[in-house]
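The structure file work-v7.tsv is reproduced below (TSV, N, CA and C atoms).
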chain	number	residue	atom	x	y	z
Q	70	ALA	N	117.60	198.86	58.67
Q	70	ALA	CA	116.55	199.06	57.69
Q	70	ALA	C	115.17	198.80	58.31
Q	71	ARG	N	115.06	197.77	59.13
Q	71	ARG	CA	113.79	197.45	59.79
Q	71	ARG	C	114.04	197.27	61.29
Q	72	PRO	N	114.07	198.36	62.04
Q	72	PRO	CA	114.35	198.24	63.47
Q	72	PRO	C	113.28	197.42	64.20
Q	73	GLU	N	113.73	196.57	65.08
Q	73	GLU	CA	112.82	195.74	65.88
Q	73	GLU	C	113.14	195.98	67.35
Q	74	LYS	N	112.11	195.91	68.18
Q	74	LYS	CA	112.33	196.04	69.61
Q	74	LYS	C	113.03	194.78	70.12
Q	75	ARG	N	114.06	195.00	70.94
Q	75	ARG	CA	114.82	193.89	71.50
Q	75	ARG	C	115.08	194.17	72.98
Q	76	LEU	N	115.46	193.15	73.70
Q	76	LEU	CA	115.79	193.28	75.11
Q	76	LEU	C	117.13	192.58	75.37
Q	77	LEU	N	118.06	193.32	75.94
Q	77	LEU	CA	119.34	192.78	76.35
Q	77	LEU	C	119.28	192.57	77.86
Q	78	VAL	N	119.51	191.34	78.31
Q	78	VAL	CA	119.49	191.03	79.74
Q	78	VAL	C	120.93	190.77	80.19
Q	79	ILE	N	121.37	191.55	81.16
Q	79	ILE	CA	122.71	191.39	81.73
Q	79	ILE	C	122.52	190.88	83.15
Q	80	ASP	N	122.81	189.61	83.36
Q	80	ASP	CA	122.71	189.01	84.70
Q	80	ASP	C	124.09	189.04	85.35
Q	81	GLU	N	124.12	188.97	86.67
Q	81	GLU	CA	125.37	189.04	87.43
Q	81	GLU	C	126.16	190.30	87.03
Q	82	ALA	N	125.47	191.42	87.03
Q	82	ALA	CA	126.05	192.69	86.57
Q	82	ALA	C	127.25	193.12	87.41
Q	83	TRP	N	127.37	192.63	88.62
Q	83	TRP	CA	128.50	193.02	89.47
Q	83	TRP	C	129.83	192.71	88.79
Q	84	LEU	N	129.85	191.66	87.96
Q	84	LEU	CA	131.09	191.32	87.25
Q	84	LEU	C	131.54	192.45	86.33
Q	85	LEU	N	130.59	193.10	85.68
Q	85	LEU	CA	130.92	194.21	84.79
Q	85	LEU	C	131.14	195.52	85.54
Q	86	LEU	N	130.44	195.68	86.66
Q	86	LEU	CA	130.53	196.94	87.41
Q	86	LEU	C	131.81	197.04	88.22
Q	87	GLU	N	132.47	195.92	88.50
Q	87	GLU	CA	133.66	195.99	89.34
Q	87	GLU	C	134.90	196.47	88.58
Q	88	HIS	N	134.82	196.54	87.25
Q	88	HIS	CA	135.94	197.02	86.44
Q	88	HIS	C	135.51	198.30	85.73
Q	89	GLU	N	136.32	199.34	85.81
Q	89	GLU	CA	135.92	200.65	85.29
Q	89	GLU	C	135.58	200.63	83.80
Q	90	GLN	N	136.38	199.96	82.99
Q	90	GLN	CA	136.12	199.97	81.54
Q	90	GLN	C	134.81	199.28	81.20
Q	91	SER	N	134.56	198.13	81.79
Q	91	SER	CA	133.31	197.42	81.47
Q	91	SER	C	132.11	198.17	82.06
Q	92	ALA	N	132.28	198.79	83.22
Q	92	ALA	CA	131.20	199.57	83.82
Q	92	ALA	C	130.84	200.75	82.92
Q	93	ARG	N	131.82	201.44	82.40
Q	93	ARG	CA	131.57	202.57	81.50
Q	93	ARG	C	130.92	202.11	80.19
Q	94	PHE	N	131.30	200.93	79.71
Q	94	PHE	CA	130.67	200.37	78.51
Q	94	PHE	C	129.18	200.16	78.76
Q	95	VAL	N	128.84	199.56	79.89
Q	95	VAL	CA	127.43	199.31	80.22
Q	95	VAL	C	126.69	200.64	80.38
Q	96	GLU	N	127.33	201.61	81.01
Q	96	GLU	CA	126.71	202.93	81.17
Q	96	GLU	C	126.37	203.54	79.80
Q	97	GLY	N	127.32	203.52	78.88
Q	97	GLY	CA	127.08	204.05	77.54
Q	97	GLY	C	126.00	203.30	76.81
Q	98	LEU	N	125.98	201.99	76.97
Q	98	LEU	CA	124.96	201.15	76.36
Q	98	LEU	C	123.57	201.54	76.86
Q	99	VAL	N	123.45	201.70	78.17
Q	99	VAL	CA	122.16	202.06	78.77
Q	99	VAL	C	121.70	203.43	78.26
Q	100	ARG	N	122.62	204.37	78.16
Q	100	ARG	CA	122.27	205.72	77.71
Q	100	ARG	C	121.81	205.75	76.25
Q	101	ARG	N	122.36	204.89	75.41
Q	101	ARG	CA	122.06	204.94	73.98
Q	101	ARG	C	121.05	203.89	73.52
Q	102	ALA	N	120.70	202.96	74.34
Q	102	ALA	CA	119.90	201.80	73.93
Q	102	ALA	C	118.56	202.19	73.30
Q	103	ARG	N	117.86	203.15	73.89
Q	103	ARG	CA	116.52	203.50	73.38
Q	103	ARG	C	116.55	203.97	71.93
Q	104	LYS	N	117.63	204.60	71.54
Q	104	LYS	CA	117.74	205.09	70.15
Q	104	LYS	C	117.72	203.95	69.15
Q	105	TYR	N	118.03	202.75	69.62
Q	105	TYR	CA	118.10	201.58	68.76
Q	105	TYR	C	117.02	200.55	69.08
Q	106	TYR	N	115.93	201.00	69.73
Q	106	TYR	CA	114.83	200.11	70.11
Q	106	TYR	C	115.30	198.96	70.98
Q	107	LEU	N	116.27	199.24	71.82
Q	107	LEU	CA	116.82	198.20	72.69
Q	107	LEU	C	116.48	198.51	74.15
Q	108	GLY	N	115.85	197.57	74.80
Q	108	GLY	CA	115.64	197.65	76.23
Q	108	GLY	C	116.78	196.92	76.91
Q	109	VAL	N	117.18	197.40	78.08
Q	109	VAL	CA	118.27	196.76	78.82
Q	109	VAL	C	117.77	196.43	80.22
Q	110	ALA	N	117.89	195.17	80.60
Q	110	ALA	CA	117.57	194.72	81.95
Q	110	ALA	C	118.89	194.31	82.60
Q	111	ILE	N	119.20	194.94	83.72
Q	111	ILE	CA	120.45	194.65	84.42
Q	111	ILE	C	120.11	194.05	85.78
Q	112	ILE	N	120.66	192.88	86.05
Q	112	ILE	CA	120.29	192.12	87.24
Q	112	ILE	C	121.52	191.88	88.11
Q	113	THR	N	121.34	192.11	89.39
Q	113	THR	CA	122.37	191.75	90.36
Q	113	THR	C	121.68	191.45	91.68
Q	114	GLN	N	122.30	190.67	92.52
Q	114	GLN	CA	121.66	190.29	93.78
Q	114	GLN	C	121.80	191.34	94.86
Q	115	GLN	N	122.78	192.20	94.75
Q	115	GLN	CA	123.02	193.21	95.78
Q	115	GLN	C	122.87	194.61	95.20
Q	116	ALA	N	121.97	195.39	95.75
Q	116	ALA	CA	121.80	196.77	95.28
Q	116	ALA	C	123.10	197.56	95.43
Q	117	ASN	N	123.90	197.21	96.41
Q	117	ASN	CA	125.17	197.92	96.62
Q	117	ASN	C	126.12	197.77	95.44
Q	118	ASP	N	125.92	196.76	94.60
Q	118	ASP	CA	126.74	196.63	93.40
Q	118	ASP	C	126.61	197.88	92.54
Q	119	PHE	N	125.43	198.48	92.54
Q	119	PHE	CA	125.20	199.73	91.82
Q	119	PHE	C	125.53	200.94	92.66
Q	120	LEU	N	125.15	200.89	93.91
Q	120	LEU	CA	125.23	202.08	94.76
Q	120	LEU	C	126.62	202.38	95.28
Q	121	ASP	N	127.52	201.42	95.22
Q	121	ASP	CA	128.87	201.62	95.75
Q	121	ASP	C	129.84	202.25	94.75
Q	122	ASN	N	129.39	202.50	93.52
Q	122	ASN	CA	130.29	203.19	92.59
Q	122	ASN	C	129.51	204.18	91.74
Q	123	LYS	N	130.22	205.19	91.27
Q	123	LYS	CA	129.61	206.30	90.54
Q	123	LYS	C	128.89	205.84	89.28
Q	124	VAL	N	129.52	204.99	88.50
Q	124	VAL	CA	128.92	204.51	87.25
Q	124	VAL	C	127.66	203.71	87.54
Q	125	GLY	N	127.70	202.87	88.56
Q	125	GLY	CA	126.52	202.09	88.94
Q	125	GLY	C	125.35	202.97	89.34
Q	126	ARG	N	125.62	204.02	90.11
Q	126	ARG	CA	124.55	204.96	90.49
Q	126	ARG	C	123.98	205.66	89.26
Q	127	THR	N	124.84	206.00	88.30
Q	127	THR	CA	124.36	206.63	87.06
Q	127	THR	C	123.45	205.69	86.31
Q	128	ILE	N	123.83	204.43	86.20
Q	128	ILE	CA	122.99	203.44	85.52
Q	128	ILE	C	121.65	203.32	86.23
Q	129	ALA	N	121.66	203.23	87.54
Q	129	ALA	CA	120.42	203.11	88.30
Q	129	ALA	C	119.53	204.33	88.10
Q	130	SER	N	120.13	205.51	88.05
Q	130	SER	CA	119.33	206.73	87.89
Q	130	SER	C	118.75	206.84	86.48
Q	131	GLN	N	119.39	206.22	85.48
Q	131	GLN	CA	118.90	206.24	84.10
Q	131	GLN	C	117.76	205.25	83.88
Q	132	SER	N	117.57	204.35	84.82
Q	132	SER	CA	116.58	203.29	84.65
Q	132	SER	C	115.17	203.81	84.87
Q	133	ALA	N	114.29	203.51	83.94
Q	133	ALA	CA	112.90	203.94	84.06
Q	133	ALA	C	112.15	203.10	85.09
Q	134	LEU	N	112.62	201.88	85.29
Q	134	LEU	CA	111.95	200.96	86.19
Q	134	LEU	C	113.01	200.24	87.02
Q	135	ARG	N	112.80	200.20	88.32
Q	135	ARG	CA	113.72	199.49	89.21
Q	135	ARG	C	112.90	198.51	90.02
Q	136	ILE	N	113.39	197.31	90.14
Q	136	ILE	CA	112.69	196.29	90.93
Q	136	ILE	C	113.62	195.87	92.06
Q	137	LEU	N	113.18	196.14	93.27
Q	137	LEU	CA	113.98	195.80	94.45
Q	137	LEU	C	113.34	194.63	95.17
Q	138	MET	N	114.15	193.63	95.41
Q	138	MET	CA	113.67	192.48	96.16
Q	138	MET	C	114.28	192.56	97.56
Q	139	ARG	N	114.14	191.51	98.31
Q	139	ARG	CA	114.58	191.50	99.72
Q	139	ARG	C	115.99	192.05	99.89
Q	140	GLN	N	116.14	192.92	100.87
Q	140	GLN	CA	117.43	193.50	101.23
Q	140	GLN	C	117.78	193.02	102.64
Q	141	ASP	N	119.03	193.20	103.01
Q	141	ASP	CA	119.41	192.86	104.38
Q	141	ASP	C	119.72	194.13	105.16
Q	142	THR	N	119.93	193.96	106.43
Q	142	THR	CA	120.11	195.12	107.31
Q	142	THR	C	121.38	195.91	106.99
Q	143	THR	N	122.34	195.29	106.33
Q	143	THR	CA	123.58	196.01	106.01
Q	143	THR	C	123.42	196.92	104.79
Q	144	THR	N	122.39	196.70	103.98
Q	144	THR	CA	122.22	197.51	102.77
Q	144	THR	C	121.00	198.42	102.81
Q	145	ILE	N	120.08	198.17	103.72
Q	145	ILE	CA	118.77	198.83	103.64
Q	145	ILE	C	118.85	200.35	103.76
Q	146	ASN	N	119.73	200.88	104.60
Q	146	ASN	CA	119.80	202.34	104.74
Q	146	ASN	C	120.31	203.01	103.47
Q	147	LYS	N	121.32	202.43	102.85
Q	147	LYS	CA	121.85	202.99	101.61
Q	147	LYS	C	120.80	202.91	100.50
Q	148	VAL	N	120.13	201.77	100.39
Q	148	VAL	CA	119.08	201.60	99.39
Q	148	VAL	C	117.93	202.58	99.65
Q	149	GLY	N	117.54	202.69	100.91
Q	149	GLY	CA	116.45	203.60	101.27
Q	149	GLY	C	116.76	205.05	100.94
Q	150	ASN	N	117.98	205.47	101.23
Q	150	ASN	CA	118.38	206.85	100.92
Q	150	ASN	C	118.46	207.09	99.42
Q	151	GLU	N	119.08	206.17	98.71
Q	151	GLU	CA	119.27	206.34	97.26
Q	151	GLU	C	117.95	206.41	96.50
Q	152	PHE	N	117.00	205.58	96.89
Q	152	PHE	CA	115.73	205.51	96.17
Q	152	PHE	C	114.59	206.23	96.89
Q	153	ARG	N	114.93	206.99	97.93
Q	153	ARG	CA	113.96	207.80	98.68
Q	153	ARG	C	112.76	206.96	99.14
Q	154	LEU	N	113.07	205.89	99.85
Q	154	LEU	CA	112.03	204.99	100.33
Q	154	LEU	C	111.52	205.44	101.69
Q	155	SER	N	110.26	205.18	101.94
Q	155	SER	CA	109.69	205.46	103.25
Q	155	SER	C	110.15	204.40	104.24
Q	156	ASP	N	109.95	204.66	105.52
Q	156	ASP	CA	110.29	203.66	106.54
Q	156	ASP	C	109.48	202.38	106.31
Q	157	PHE	N	108.23	202.53	105.92
Q	157	PHE	CA	107.38	201.37	105.65
Q	157	PHE	C	107.94	200.53	104.51
Q	158	GLU	N	108.39	201.19	103.43
Q	158	GLU	CA	108.95	200.47	102.29
Q	158	GLU	C	110.25	199.76	102.67
Q	159	LYS	N	111.06	200.40	103.51
Q	159	LYS	CA	112.29	199.75	103.97
Q	159	LYS	C	111.96	198.51	104.79
Q	160	GLU	N	110.95	198.60	105.64
Q	160	GLU	CA	110.53	197.43	106.43
Q	160	GLU	C	110.05	196.30	105.52
Q	161	LEU	N	109.30	196.66	104.48
Q	161	LEU	CA	108.85	195.64	103.52
Q	161	LEU	C	110.04	194.92	102.90
Q	162	LEU	N	111.03	195.70	102.46
Q	162	LEU	CA	112.20	195.11	101.80
Q	162	LEU	C	112.99	194.19	102.73
Q	163	LEU	N	112.93	194.44	104.01
Q	163	LEU	CA	113.62	193.57	104.97
Q	163	LEU	C	112.85	192.27	105.22
Q	164	LYS	N	111.55	192.27	104.95
Q	164	LYS	CA	110.72	191.12	105.28
Q	164	LYS	C	110.20	190.35	104.08
Q	165	PHE	N	110.44	190.84	102.88
Q	165	PHE	CA	109.89	190.19	101.69
Q	165	PHE	C	110.28	188.73	101.61
Q	166	ASP	N	109.35	187.91	101.08
Q	166	ASP	CA	109.60	186.51	100.78
Q	166	ASP	C	109.96	186.38	99.31
Q	167	ARG	N	110.31	185.19	98.90
Q	167	ARG	CA	110.61	184.92	97.49
Q	167	ARG	C	109.42	185.34	96.63
Q	168	GLY	N	109.70	186.05	95.54
Q	168	GLY	CA	108.65	186.48	94.62
Q	168	GLY	C	108.04	187.82	94.95
Q	169	GLU	N	108.41	188.41	96.09
Q	169	GLU	CA	107.87	189.71	96.46
Q	169	GLU	C	108.90	190.79	96.14
Q	170	ALA	N	108.40	191.93	95.69
Q	170	ALA	CA	109.30	193.00	95.27
Q	170	ALA	C	108.62	194.36	95.40
Q	171	LEU	N	109.45	195.38	95.36
Q	171	LEU	CA	108.98	196.75	95.32
Q	171	LEU	C	109.39	197.30	93.96
Q	172	ILE	N	108.40	197.71	93.17
Q	172	ILE	CA	108.68	198.27	91.86
Q	172	ILE	C	108.67	199.78	91.97
Q	173	LEU	N	109.74	200.39	91.47
Q	173	LEU	CA	109.87	201.85	91.50
Q	173	LEU	C	109.83	202.36	90.06
Q	174	ALA	N	108.86	203.23	89.78
Q	174	ALA	CA	108.74	203.87	88.48
Q	174	ALA	C	108.52	205.35	88.74
Q	175	ASP	N	109.55	206.14	88.52
Q	175	ASP	CA	109.54	207.56	88.88
Q	175	ASP	C	109.21	207.69	90.36
Q	176	GLN	N	108.16	208.43	90.68
Q	176	GLN	CA	107.78	208.62	92.09
Q	176	GLN	C	106.79	207.57	92.58
Q	177	ASN	N	106.41	206.65	91.72
Q	177	ASN	CA	105.44	205.62	92.07
Q	177	ASN	C	106.16	204.37	92.57
Q	178	HIS	N	105.73	203.91	93.74
Q	178	HIS	CA	106.31	202.71	94.34
Q	178	HIS	C	105.17	201.74	94.62
Q	179	VAL	N	105.30	200.50	94.13
Q	179	VAL	CA	104.24	199.51	94.29
Q	179	VAL	C	104.85	198.19	94.74
Q	180	ALA	N	104.28	197.63	95.79
Q	180	ALA	CA	104.70	196.30	96.25
Q	180	ALA	C	103.93	195.26	95.45
Q	181	VAL	N	104.64	194.22	94.99
Q	181	VAL	CA	104.00	193.17	94.20
Q	181	VAL	C	104.44	191.80	94.69
Q	182	ARG	N	103.64	190.83	94.34
Q	182	ARG	CA	103.99	189.43	94.58
Q	182	ARG	C	103.79	188.68	93.28
Q	183	VAL	N	104.83	188.04	92.80
Q	183	VAL	CA	104.79	187.32	91.54
Q	183	VAL	C	104.71	185.82	91.84
Q	184	VAL	N	103.72	185.18	91.28
Q	184	VAL	CA	103.55	183.74	91.47
Q	184	VAL	C	103.58	183.08	90.10
Q	185	ALA	N	104.51	182.16	89.92
Q	185	ALA	CA	104.62	181.45	88.65
Q	185	ALA	C	103.57	180.34	88.58
Q	186	SER	N	103.05	180.13	87.38
Q	186	SER	CA	102.13	179.02	87.18
Q	186	SER	C	102.93	177.71	87.17
Q	187	GLU	N	102.23	176.59	87.17
Q	187	GLU	CA	102.91	175.30	87.12
Q	187	GLU	C	103.73	175.14	85.85
Q	188	GLU	N	103.26	175.74	84.76
Q	188	GLU	CA	103.99	175.66	83.49
Q	188	GLU	C	105.21	176.58	83.50
Q	189	GLU	N	105.10	177.72	84.13
Q	189	GLU	CA	106.21	178.69	84.16
Q	189	GLU	C	107.33	178.29	85.12
Q	190	HIS	N	106.97	177.68	86.23
Q	190	HIS	CA	107.95	177.39	87.27
Q	190	HIS	C	109.19	176.64	86.77
Q	191	PRO	N	109.05	175.55	86.03
Q	191	PRO	CA	110.25	174.84	85.56
Q	191	PRO	C	111.14	175.70	84.64
Q	192	LEU	N	110.55	176.66	83.99
Q	192	LEU	CA	111.31	177.51	83.07
Q	192	LEU	C	112.14	178.57	83.80
Q	193	ILE	N	111.70	178.98	85.00
Q	193	ILE	CA	112.36	180.08	85.67
Q	193	ILE	C	113.05	179.73	86.98
Q	194	THR	N	112.87	178.52	87.47
Q	194	THR	CA	113.48	178.17	88.74
Q	194	THR	C	115.01	178.20	88.66
Q	195	THR	N	115.62	178.64	89.75
Q	195	THR	CA	117.07	178.62	89.82
Q	195	THR	C	117.55	177.53	90.78
Q	196	ASN	N	116.64	176.74	91.28
Q	196	ASN	CA	116.96	175.65	92.18
Q	196	ASN	C	117.35	174.42	91.36
Q	197	PRO	N	118.62	174.01	91.41
Q	197	PRO	CA	119.06	172.85	90.60
Q	197	PRO	C	118.27	171.59	90.88
Q	198	ALA	N	117.78	171.41	92.09
Q	198	ALA	CA	117.04	170.21	92.44
Q	198	ALA	C	115.68	170.16	91.72
Q	199	GLU	N	115.19	171.30	91.24
Q	199	GLU	CA	113.89	171.34	90.59
Q	199	GLU	C	114.00	171.27	89.07
Q	200	ARG	N	115.18	171.11	88.56
Q	200	ARG	CA	115.35	171.08	87.09
Q	200	ARG	C	115.29	169.69	86.56
Could the structure of this file be written out as structure tokens, please?
Amino acid sequence: ARPEKRLLVIDEAWLLLEHEQSARFVEGLVRRARKYYLGVAIITQQANDFLDNKVGRTIASQSALRILMRQDTTTINKVGNEFRLSDFEKELLLKFDRGEALILADQNHVAVRVVASEEEHPLITTNPAER
């Protein structure tokens, strides 16, 4: 009756992508979400979690915005080919520090550095020693 914008965050997406039924569920969810004012953020530490299977590649291609953080030498060529990255962008992804990322929106690619304020840091840190 009163649609509201919402955001569904799926962390550790590799758990869902490794099984065909759950991967297809996520794919369908991503395809239909906008009709219901739902944004979907899917997070995984390895880009290959998406790129190593057909459903994962479909999900990645449906995404309006992709944020790539540091990659390693074993994944960079596959990531570079899939997202049509320049050699310079691939080098950036190999050297990025914490908080640095490459944002891909259609054909636009922008390198960013995110710095949390003192108030934000305790809310977002994943370091158990800092909690």
Residues within 9 Å of Asp166 of chain Q, only C-alpha atoms, excluding chain neighbours under 4 positions, as a list in words:
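Residues near the query, excluding close chain neighbours: Met138, Arg139, Ala170 and Arg182 of chain Q.
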Within 9 Å of (104.6, 197.9, 92.8) (coordinates as in the file), grab all the protein and nucleic acid residues, counting only C-alpha atoms, and write them out as a PDB file with N, CA and C atoms, keeping the file's coordinate frame.
ATOM      1  N   ILE Q 136     113.390 197.310  90.140  1.00  0.00           N
ATOM      2  CA  ILE Q 136     112.690 196.290  90.930  1.00  0.00           C
ATOM      3  C   ILE Q 136     113.620 195.870  92.060  1.00  0.00           C
ATOM      4  N   ALA Q 170     108.400 191.930  95.690  1.00  0.00           N
ATOM      5  CA  ALA Q 170     109.300 193.000  95.270  1.00  0.00           C
ATOM      6  C   ALA Q 170     108.620 194.360  95.400  1.00  0.00           C
ATOM      7  N   LEU Q 171     109.450 195.380  95.360  1.00  0.00           N
ATOM      8  CA  LEU Q 171     108.980 196.750  95.320  1.00  0.00           C
ATOM      9  C   LEU Q 171     109.390 197.300  93.960  1.00  0.00           C
ATOM     10  N   ILE Q 172     108.400 197.710  93.170  1.00  0.00           N
ATOM     11  CA  ILE Q 172     108.680 198.270  91.860  1.00  0.00           C
ATOM     12  C   ILE Q 172     108.670 199.780  91.970  1.00  0.00           C
ATOM     13  N   LEU Q 173     109.740 200.390  91.470  1.00  0.00           N
ATOM     14  CA  LEU Q 173     109.870 201.850  91.500  1.00  0.00           C
ATOM     15  C   LEU Q 173     109.830 202.360  90.060  1.00  0.00           C
ATOM     16  N   ALA Q 174     108.860 203.230  89.780  1.00  0.00           N
ATOM     17  CA  ALA Q 174     108.740 203.870  88.480  1.00  0.00           C
ATOM     18  C   ALA Q 174     108.520 205.350  88.740  1.00  0.00           C
ATOM     19  N   ASN Q 177     106.410 206.650  91.720  1.00  0.00           N
ATOM     20  CA  ASN Q 177     105.440 205.620  92.070  1.00  0.00           C
ATOM     21  C   ASN Q 177     106.160 204.370  92.570  1.00  0.00           C
ATOM     22  N   HIS Q 178     105.730 203.910  93.740  1.00  0.00           N
ATOM     23  CA  HIS Q 178     106.310 202.710  94.340  1.00  0.00           C
ATOM     24  C   HIS Q 178     105.170 201.740  94.620  1.00  0.00           C
ATOM     25  N   VAL Q 179     105.300 200.500  94.130  1.00  0.00           N
ATOM     26  CA  VAL Q 179     104.240 199.510  94.290  1.00  0.00           C
ATOM     27  C   VAL Q 179     104.850 198.190  94.740  1.00  0.00           C
ATOM     28  N   ALA Q 180     104.280 197.630  95.790  1.00  0.00           N
ATOM     29  CA  ALA Q 180     104.700 196.300  96.250  1.00  0.00           C
ATOM     30  C   ALA Q 180     103.930 195.260  95.450  1.00  0.00           C
ATOM     31  N   VAL Q 181     104.640 194.220  94.990  1.00  0.00           N
ATOM     32  CA  VAL Q 181     104.000 193.170  94.200  1.00  0.00           C
ATOM     33  C   VAL Q 181     104.440 191.800  94.690  1.00  0.00           C
ATOM     34  N   ARG Q 182     103.640 190.830  94.340  1.00  0.00           N
ATOM     35  CA  ARG Q 182     103.990 189.430  94.580  1.00  0.00           C
ATOM     36  C   ARG Q 182     103.790 188.680  93.280  1.00  0.00           C
TER      37      ARG Q 182
END
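Proximity of Q:Val99, Q:Ala185, Q:Leu161, Q:Ile79 to Ile111 of chain Q, computed with only N, CA and C atoms, is greatest for Q:Ile79.
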Give me every helix (DSSP H, G or I) residue in chain Q, going by DSSP on the backbone, as a PyMOL selection string. chain Q and resi 83-86+89-105+117-120+123-131+145-151+156-164+190-193+197-199
Do you know which residues are at most 10 Å from Glu151 of chain Q counting only C-alpha atoms, after dropping those on the same chain fewer than 2 positions away, and could you put them as a PDB file with N, CA and C atoms, in the coordinates of the input?
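Output contents, as saved in selection-v4.pdb:
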ATOM      1  N   LEU Q 120     125.150 200.890  93.910  1.00  0.00           N
ATOM      2  CA  LEU Q 120     125.230 202.080  94.760  1.00  0.00           C
ATOM      3  C   LEU Q 120     126.620 202.380  95.280  1.00  0.00           C
ATOM      4  N   ARG Q 126     125.620 204.020  90.110  1.00  0.00           N
ATOM      5  CA  ARG Q 126     124.550 204.960  90.490  1.00  0.00           C
ATOM      6  C   ARG Q 126     123.980 205.660  89.260  1.00  0.00           C
ATOM      7  N   ALA Q 129     121.660 203.230  87.540  1.00  0.00           N
ATOM      8  CA  ALA Q 129     120.420 203.110  88.300  1.00  0.00           C
ATOM      9  C   ALA Q 129     119.530 204.330  88.100  1.00  0.00           C
ATOM     10  N   SER Q 130     120.130 205.510  88.050  1.00  0.00           N
ATOM     11  CA  SER Q 130     119.330 206.730  87.890  1.00  0.00           C
ATOM     12  C   SER Q 130     118.750 206.840  86.480  1.00  0.00           C
ATOM     13  N   ILE Q 145     120.080 198.170 103.720  1.00  0.00           N
ATOM     14  CA  ILE Q 145     118.770 198.830 103.640  1.00  0.00           C
ATOM     15  C   ILE Q 145     118.850 200.350 103.760  1.00  0.00           C
ATOM     16  N   ASN Q 146     119.730 200.880 104.600  1.00  0.00           N
ATOM     17  CA  ASN Q 146     119.800 202.340 104.740  1.00  0.00           C
ATOM     18  C   ASN Q 146     120.310 203.010 103.470  1.00  0.00           C
ATOM     19  N   LYS Q 147     121.320 202.430 102.850  1.00  0.00           N
ATOM     20  CA  LYS Q 147     121.850 202.990 101.610  1.00  0.00           C
ATOM     21  C   LYS Q 147     120.800 202.910 100.500  1.00  0.00           C
ATOM     22  N   VAL Q 148     120.130 201.770 100.390  1.00  0.00           N
ATOM     23  CA  VAL Q 148     119.080 201.600  99.390  1.00  0.00           C
ATOM     24  C   VAL Q 148     117.930 202.580  99.650  1.00  0.00           C
ATOM     25  N   GLY Q 149     117.540 202.690 100.910  1.00  0.00           N
ATOM     26  CA  GLY Q 149     116.450 203.600 101.270  1.00  0.00           C
ATOM     27  C   GLY Q 149     116.760 205.050 100.940  1.00  0.00           C
ATOM     28  N   ARG Q 153     114.930 206.990  97.930  1.00  0.00           N
ATOM     29  CA  ARG Q 153     113.960 207.800  98.680  1.00  0.00           C
ATOM     30  C   ARG Q 153     112.760 206.960  99.140  1.00  0.00           C
ATOM     31  N   LEU Q 154     113.070 205.890  99.850  1.00  0.00           N
ATOM     32  CA  LEU Q 154     112.030 204.990 100.330  1.00  0.00           C
ATOM     33  C   LEU Q 154     111.520 205.440 101.690  1.00  0.00           C
TER      34      LEU Q 154
END
Once you add 5 Å to each side, what are the centre and edge lengths of the axis-aligned box holding all listed atoms of segment 130-147 of chain Q? One decimal in Å, as JSON, if you can.
{"center_x": 117.8, "center_y": 199.2, "center_z": 95.6, "size_x": 21.6, "size_y": 25.3, "size_z": 33.4}
